[in-house]
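Below is one structure; the comments refer to it alone.
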Amino acid sequence: MEILLVDDHRSVVEGTKMLIESEPDMNVTIETDVYCVSDLVRLKKFDVILFDLYMPKINGADLARKVLEVVPDAVILIYSGFEIAPHFNLLMESGVSGFIAKTSTREQLIQAIRCASRKEAIVPMHLLKQLRRQEIVVQGEPGREETTITQEEDRLLRELAKGKSNKDISKTLMISQRSLEYSLTELFQKLHVNSRVEAIKKAKRLGILPTEDLY
């Protein structure tokens, strides 16, 4: 079985390669330069591909999209040490086949790879329960109730995090600028903030947006 492991941390990929190759039928190719990945998947057939989520030049979700444009049937797992839940919808939209935590045991990692190679989705139970949810429920801060963020508000926060103007965001979300202004007002009230910067900081603190730049 041929496996591609992409992570910008050399020590991480070397260690993970050793774990996986303890299985006699598994061979791992490692790559730390994300810009080489598209060419690599053109030249060689991989049964399973593992991407880190947070990488400095491109995140795992966007890299998955690029690879799937080249190899539409590629089986891609996000292999991350960070919580996936706040980005679940974004990652599902990217076309990945599942998720495996870097804190998983060797047996769990091997099992996930084997299941993925059989075209089986790898989704932790707590994320599976979110598949049909239309909202993200985030534990409130001390003294406040839970914060409920709709899918539309989640998308709006992602666009705000990219630093886009209202005009650009309205085009991306396909709504009028007036509707966008109303949505921003409601979002600010829900997060108890007064500005874009405060909204982004609050969303990161609540775990709705990543503390590192995923976008």
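Here's how to read the names in the structure tokens: chain A, B, ... by the order shown, residue numbers from 1 in each chain, ligand numbers from 1 in the order shown.
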
Notebook entry, point to check: Quick one: residues within 6 Å of Ala61 (chain A), only C-alpha atoms counted, chain neighbours fewer than 2 positions away excluded, as a ChimeraX atom specification?
Noted result: /A:59,63-64,91,94

Can those selected residues be exported to a file as a compact mmCIF listing (two decimals), in the first residue's frame so that it contains N, CA and C atoms?
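After the write, out_26.txt holds the following:
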```txt
# COMPACT_ATOMS: atom_id res chain seq x y z
N ASN A 59 -3.28 25.51 3.86
CA ASN A 59 -3.84 24.59 4.85
C ASN A 59 -4.27 23.28 4.19
N LEU A 63 -5.28 22.38 0.21
CA LEU A 63 -4.39 21.46 -0.48
C LEU A 63 -5.18 20.25 -0.99
N ALA A 64 -6.15 19.80 -0.20
CA ALA A 64 -7.00 18.67 -0.62
C ALA A 64 -7.76 19.03 -1.88
N LEU A 91 -13.96 21.48 6.10
CA LEU A 91 -13.18 20.31 5.69
C LEU A 91 -14.01 19.33 4.87
N SER A 94 -14.24 20.37 1.40
CA SER A 94 -12.98 20.26 0.65
C SER A 94 -12.84 18.91 -0.03
```

Next item on the list: Can you check which residues of region 4-210 of chain A DSSP gives as strand (DSSP E or B) on the backbone and send them as a VMD selection string?
Entry: chain A and resid 4 to 6 27 to 31 48 to 51 76 to 80 98 to 101 122 135 to 138 147 to 150

Checklist line | Counting only C-alpha atoms, the option among A:Pro72, A:Gln108, A:Ser38, A:Val6 closest to Leu19 (chain A) | finding: A:Gln108

Next item on the list: Name the residues in contact with Glu21 (chain A) at a cut-off of 12 Å, using only C-alpha atoms, excluding same-chain residues fewer than 4 positions from it; report them as a list in words.
Entry: Met1, Glu2, Ile3, Leu4, Leu5, Val13, Glu14, Gly15, Thr16, Lys17, Asp25, Met26, Asn27, Val28, Thr29, Ile30, Arg106, Leu109, Ile110 and Ile113 of chain A

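Taking CA of Met92 (chain A) as the reference point, CA of Val75 (chain A) is found at 12.9 Å.
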
Next item on the list: Go through A:Leu43, A:Ile122, A:Val48, A:Leu173 and flag the residue nearest Ile20 (chain A), using only C-alpha atoms for the distances.
Entry: A:Val48

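With only C-alpha atoms as the atoms that count, the residue of A:Asn166, A:Ser176, A:Lys201, A:Ser183 with the shortest distance to Glu152 (chain A) is A:Ser183.
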
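The gap separating CA of Lys119 (chain A) from CA of Pro24 (chain A) is 20.8 Å, in Å to one decimal.
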
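Omitting Ile76 (chain A) and its sequence neighbours fewer than 4 positions away, and counting only C-alpha atoms, the residues within 9 Å are Val48, Ile49, Leu50, Phe51, Ala64, Leu68, Gly95, Val96, Ser97, Gly98, Phe99 and Ala116 of chain A.
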
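Candidate residues A:Ile149, A:Val12, A:Val70, A:Met55 were compared for distance to Asp39 (chain A), and the nearest is A:Val70, using only C-alpha atoms.
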
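Minimum atom-to-atom distances from A:Asn194, A:Ser170, A:Arg158, A:Leu53 to Leu209 (chain A) were compared using only C-alpha atoms, and the lowest value belongs to A:Arg158.
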